[in-house]
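A.B. asks: My file is start24.cif. It has mmCIF, C-alpha atoms:
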data_protein
#
loop_
_atom_site.group_PDB
_atom_site.id
_atom_site.type_symbol
_atom_site.label_atom_id
_atom_site.label_comp_id
_atom_site.auth_asym_id
_atom_site.auth_seq_id
_atom_site.Cartn_x
_atom_site.Cartn_y
_atom_site.Cartn_z
ATOM 1 C CA MET L 1 24.100 7.046 -43.126
ATOM 2 C CA ALA L 2 26.470 7.430 -40.222
ATOM 3 C CA ASN L 3 26.234 3.831 -38.969
ATOM 4 C CA PRO L 4 25.030 1.517 -41.775
ATOM 5 C CA ALA L 5 24.580 -2.198 -41.190
ATOM 6 C CA PRO L 6 27.202 -4.264 -43.016
ATOM 7 C CA GLY L 7 24.668 -7.076 -43.339
ATOM 8 C CA PHE L 8 22.334 -4.982 -45.488
ATOM 9 C CA LEU L 9 25.241 -3.907 -47.689
ATOM 10 C CA LYS L 10 26.066 -7.557 -48.383
ATOM 11 C CA TYR L 11 22.434 -8.812 -48.506
ATOM 12 C CA PRO L 12 20.227 -5.938 -49.725
ATOM 13 C CA ASP L 13 17.115 -8.174 -49.945
ATOM 14 C CA TYR L 14 17.271 -9.087 -46.241
ATOM 15 C CA ARG L 15 14.261 -7.730 -44.357
ATOM 16 C CA ILE L 16 13.574 -6.612 -40.805
ATOM 17 C CA GLU L 17 10.088 -5.305 -40.088
ATOM 18 C CA LEU L 18 8.343 -4.188 -36.921
ATOM 19 C CA GLN L 19 4.644 -4.819 -36.269
ATOM 20 C CA ALA L 20 2.742 -3.501 -33.255
ATOM 21 C CA LEU L 21 1.175 -6.106 -30.985
ATOM 22 C CA GLU L 22 -2.189 -4.813 -29.774
ATOM 23 C CA GLY L 23 -3.173 -5.199 -26.123
ATOM 24 C CA ARG L 24 -1.429 -5.292 -22.752
ATOM 25 C CA VAL L 25 1.540 -7.638 -22.722
ATOM 26 C CA ASP L 26 2.761 -9.013 -19.390
ATOM 27 C CA ILE L 27 5.961 -11.042 -19.096
ATOM 28 C CA VAL L 28 6.237 -13.269 -16.032
ATOM 29 C CA VAL L 29 9.435 -14.689 -14.521
ATOM 30 C CA ALA L 30 9.433 -16.565 -11.187
ATOM 31 C CA ASP L 31 5.799 -15.567 -10.537
ATOM 32 C CA GLU L 32 6.624 -11.852 -10.936
ATOM 33 C CA VAL L 33 5.427 -9.591 -13.743
ATOM 34 C CA VAL L 34 8.724 -8.075 -14.848
ATOM 35 C CA CYS L 35 7.376 -6.293 -17.937
ATOM 36 C CA SER L 36 3.950 -4.833 -18.531
ATOM 37 C CA THR L 37 3.327 -2.750 -21.634
ATOM 38 C CA THR L 38 0.838 -1.698 -24.272
ATOM 39 C CA LYS L 39 3.722 -0.952 -26.668
ATOM 40 C CA ALA L 40 4.965 -4.443 -27.519
ATOM 41 C CA THR L 41 6.261 -5.077 -31.024
ATOM 42 C CA TRP L 42 6.915 -8.108 -33.176
ATOM 43 C CA LEU L 43 10.217 -8.052 -35.030
ATOM 44 C CA LEU L 44 9.955 -10.047 -38.259
ATOM 45 C CA GLU L 45 13.317 -10.934 -39.753
ATOM 46 C CA THR L 46 14.379 -12.945 -42.790
ATOM 47 C CA ARG L 47 15.401 -16.509 -41.806
ATOM 48 C CA HIS L 48 14.310 -16.098 -38.160
ATOM 49 C CA ALA L 49 11.190 -16.771 -36.130
ATOM 50 C CA ARG L 50 9.327 -13.648 -35.069
ATOM 51 C CA ALA L 51 10.659 -12.102 -31.882
ATOM 52 C CA LEU L 52 8.778 -10.123 -29.259
ATOM 53 C CA TYR L 53 10.251 -6.753 -28.286
ATOM 54 C CA VAL L 54 9.073 -4.614 -25.359
ATOM 55 C CA PRO L 55 10.101 -1.134 -24.191
ATOM 56 C CA LEU L 56 13.004 -1.172 -21.756
ATOM 57 C CA ALA L 57 11.189 1.527 -19.757
ATOM 58 C CA ASP L 58 8.287 -0.881 -19.094
ATOM 59 C CA CYS L 59 10.469 -3.563 -17.484
ATOM 60 C CA ARG L 60 11.819 -3.869 -13.961
ATOM 61 C CA GLN L 61 14.064 -6.029 -11.801
ATOM 62 C CA LEU L 62 16.690 -6.359 -14.525
ATOM 63 C CA ALA L 63 20.450 -6.586 -14.213
ATOM 64 C CA ALA L 64 22.930 -6.360 -17.079
ATOM 65 C CA SER L 65 24.882 -9.557 -17.665
ATOM 66 C CA ASP L 66 28.307 -10.050 -19.230
ATOM 67 C CA MET L 67 26.830 -11.729 -22.329
ATOM 68 C CA ARG L 68 27.366 -9.953 -25.677
ATOM 69 C CA THR L 69 26.576 -11.010 -29.238
ATOM 70 C CA TYR L 70 26.819 -9.375 -32.650
ATOM 71 C CA CYS L 71 24.359 -9.238 -35.534
ATOM 72 C CA PRO L 72 25.493 -7.734 -38.880
ATOM 73 C CA PHE L 73 21.961 -6.364 -39.386
ATOM 74 C CA LYS L 74 21.246 -4.933 -35.922
ATOM 75 C CA GLY L 75 24.589 -4.405 -34.155
ATOM 76 C CA GLU L 76 25.987 -5.477 -30.778
ATOM 77 C CA ALA L 77 23.512 -6.899 -28.284
ATOM 78 C CA SER L 78 23.878 -6.850 -24.537
ATOM 79 C CA TYR L 79 21.803 -9.055 -22.258
ATOM 80 C CA PHE L 80 19.737 -8.691 -19.101
ATOM 81 C CA SER L 81 18.871 -11.186 -16.419
ATOM 82 C CA VAL L 82 15.889 -10.903 -14.093
ATOM 83 C CA LEU L 83 16.386 -10.358 -10.373
ATOM 84 C CA ARG L 84 14.005 -11.516 -7.681
ATOM 85 C CA ASP L 85 13.584 -9.540 -4.459
ATOM 86 C CA GLY L 86 14.586 -6.216 -6.000
ATOM 87 C CA ALA L 87 17.913 -4.989 -7.337
ATOM 88 C CA GLY L 88 19.866 -4.656 -4.093
ATOM 89 C CA PRO L 89 22.986 -6.594 -3.114
ATOM 90 C CA ASP L 90 20.837 -9.454 -1.761
ATOM 91 C CA ALA L 91 18.882 -9.902 -4.985
ATOM 92 C CA VAL L 92 18.620 -13.420 -6.379
ATOM 93 C CA GLU L 93 18.859 -14.062 -10.086
ATOM 94 C CA SER L 94 15.786 -15.911 -11.316
ATOM 95 C CA GLY L 95 16.117 -15.615 -15.081
ATOM 96 C CA ARG L 96 19.490 -15.644 -16.850
ATOM 97 C CA ASP L 97 19.889 -13.616 -20.061
ATOM 98 C CA VAL L 98 16.118 -13.413 -20.601
ATOM 99 C CA PHE L 99 16.273 -10.184 -22.613
ATOM 100 C CA TRP L 100 18.632 -8.751 -25.226
ATOM 101 C CA HIS L 101 19.136 -5.121 -26.152
ATOM 102 C CA TYR L 102 20.722 -3.189 -29.007
ATOM 103 C CA ALA L 103 21.647 0.093 -27.296
ATOM 104 C CA GLU L 104 23.272 1.486 -30.460
ATOM 105 C CA PRO L 105 21.679 -0.374 -33.365
ATOM 106 C CA PHE L 106 22.622 0.225 -36.966
ATOM 107 C CA ASP L 107 20.836 3.049 -38.775
ATOM 108 C CA GLU L 108 18.398 0.769 -40.597
ATOM 109 C CA VAL L 109 16.917 -0.475 -37.301
ATOM 110 C CA LEU L 110 17.178 2.553 -35.008
ATOM 111 C CA ARG L 111 13.595 1.958 -33.837
ATOM 112 C CA ILE L 112 14.756 -0.948 -31.653
ATOM 113 C CA ALA L 113 17.181 1.157 -29.566
ATOM 114 C CA ASP L 114 14.749 1.504 -26.633
ATOM 115 C CA LEU L 115 13.381 -2.032 -26.888
ATOM 116 C CA LEU L 116 14.294 -5.371 -25.332
ATOM 117 C CA GLY L 117 13.994 -8.636 -27.219
ATOM 118 C CA VAL L 118 12.469 -11.485 -25.200
ATOM 119 C CA TYR L 119 13.497 -15.142 -25.159
ATOM 120 C CA SER L 120 10.027 -16.665 -24.834
ATOM 121 C CA ASP L 121 11.504 -20.001 -23.738
ATOM 122 C CA ARG L 122 13.287 -18.349 -20.785
ATOM 123 C CA VAL L 123 10.206 -16.786 -19.200
ATOM 124 C CA ASP L 124 7.351 -18.477 -17.349
ATOM 125 C CA ALA L 125 4.588 -16.749 -19.294
ATOM 126 C CA ILE L 126 3.806 -14.090 -21.842
ATOM 127 C CA ARG L 127 0.207 -12.912 -21.657
ATOM 128 C CA VAL L 128 -1.692 -10.587 -23.989
ATOM 129 C CA ASP L 129 -4.738 -9.096 -22.259
ATOM 130 C CA GLY L 130 -4.519 -11.927 -19.713
ATOM 131 C CA VAL L 131 -4.397 -14.742 -22.290
ATOM 132 C CA ALA L 132 -1.237 -16.828 -22.705
ATOM 133 C CA LEU L 133 0.586 -16.066 -25.934
ATOM 134 C CA ALA L 134 0.963 -19.156 -28.085
ATOM 135 C CA PRO L 135 4.599 -20.058 -28.812
#
Transcribe the structure of this file into structure tokens.
C.D. replies:
Amino acid sequence: MANPAPGFLKYPDYRIELQALEGRVDIVVADEVVCSTTKATWLLETRHARALYVPLADCRQLAASDMRTYCPFKGEASYFSVLRDGAGPDAVESGRDVFWHYAEPFDEVLRIADLLGVYSDRVDAIRVDGVALAP
């Protein structure tokens, strides 16, 4: 492997799994659907609650923030806030650091490179086929 995760080297029994979430997933922030996809995925990780991931390509009105974090199993994460009224110079931020993204994840989790993780407590709603997703 060219870019192995140091976390897996230290904890070989640690698990990260992806499971498809069937249906259309809509993520709402400030009364706007900012993500709509049929390719949502649950990320199941040892010692963590499941996390919803959606394709970056299916989201809009996002702006990169300065926030960065590091995970020894996934790599460096960058964060995105949601903009209201488009992405121009007059845009208003309506959701701070709502999504995280591993642009260059470690080899073991390369499948998440084009996905955004979602903080469910920082959005107004997550709906699957029009029905609110239970927390």
A.B. asks: In terms of the shortest atom-to-atom distance over only C-alpha atoms, which of L:Leu9, L:Ile27, L:Val123, L:Ala134 is closest to Asp58 in chain L?
C.D. replies: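 Using only C-alpha atoms, the shortest distance to Asp58 in chain L belongs to L:Ile27.
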A.B. asks: Since I can't run it myself right now, could you work out what the PyMOL selection byres ((chain L and resi 5) around 6) selects here and report it as a PyMOL selection string?
C.D. replies: chain L and resi 4+6-8+73+106
A.B. asks: Write out as a tab-separated table a residue-level contact list of range 96-121 of chain L versus range 33-42 of chain L with cut-off 12 Å: for each qualifying residue the closest pair of atoms and the distance in Å to one decimal, counting all atoms listed in the file, rows sorted by chain and residue number upward.
C.D. replies:
residue	atom	partner	partner_atom	distance
L:Val98	CA	L:Val34	CA	10.8
L:Phe99	CA	L:Cys35	CA	10.8
L:Arg111	CA	L:Thr41	CA	10.5
L:Ile112	CA	L:Thr41	CA	9.5
L:Asp114	CA	L:Lys39	CA	11.3
L:Leu115	CA	L:Ala40	CA	8.8
L:Leu116	CA	L:Ala40	CA	9.6
L:Gly117	CA	L:Trp42	CA	9.3
L:Val118	CA	L:Cys35	CA	10.3
A.B. asks: For a cutoff of 8 Å around the file-coordinate point (6.9, -16.4, -14.8), which residues qualify once you count all atoms listed in the file? I'd like the result as an MDAnalysis selection string.
C.D. replies: chainID L and resid 27:33 123:125
A.B. asks: Between CA of Gly95 in chain L and CA of Ala77 in chain L, what is the spacing in Å?
C.D. replies: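 Between CA of Ala77 in chain L and CA of Gly95 in chain L the gap is 17.5 Å.
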A.B. asks: Calculated over all atoms listed in the file, which of the candidates L:Glu45, L:Glu76, L:Glu17, L:Asp66 has the smallest distance to Ala113 in chain L?
C.D. replies: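 So, comparing all the options, the nearest one is L:Glu76.
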A.B. asks: Counting only C-alpha atoms, which residue out of L:Pro12, L:Pro105, L:Pro55, L:Pro72 sits closest to Asp26 in chain L?
C.D. replies: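 With only C-alpha atoms as the atom set, the closest residue is L:Pro55.
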A.B. asks: I need the residue nearest Arg68 in chain L from this list: L:Ala103, L:Val131, L:Met1, L:Leu56. Use all atoms listed in the file for the distance.
C.D. replies: L:Ala103
A.B. asks: Could you jot down the CA of Arg127 in chain L to CA of Ala51 in chain L separation for me, Å, one decimal place?
C.D. replies: 14.6 Å
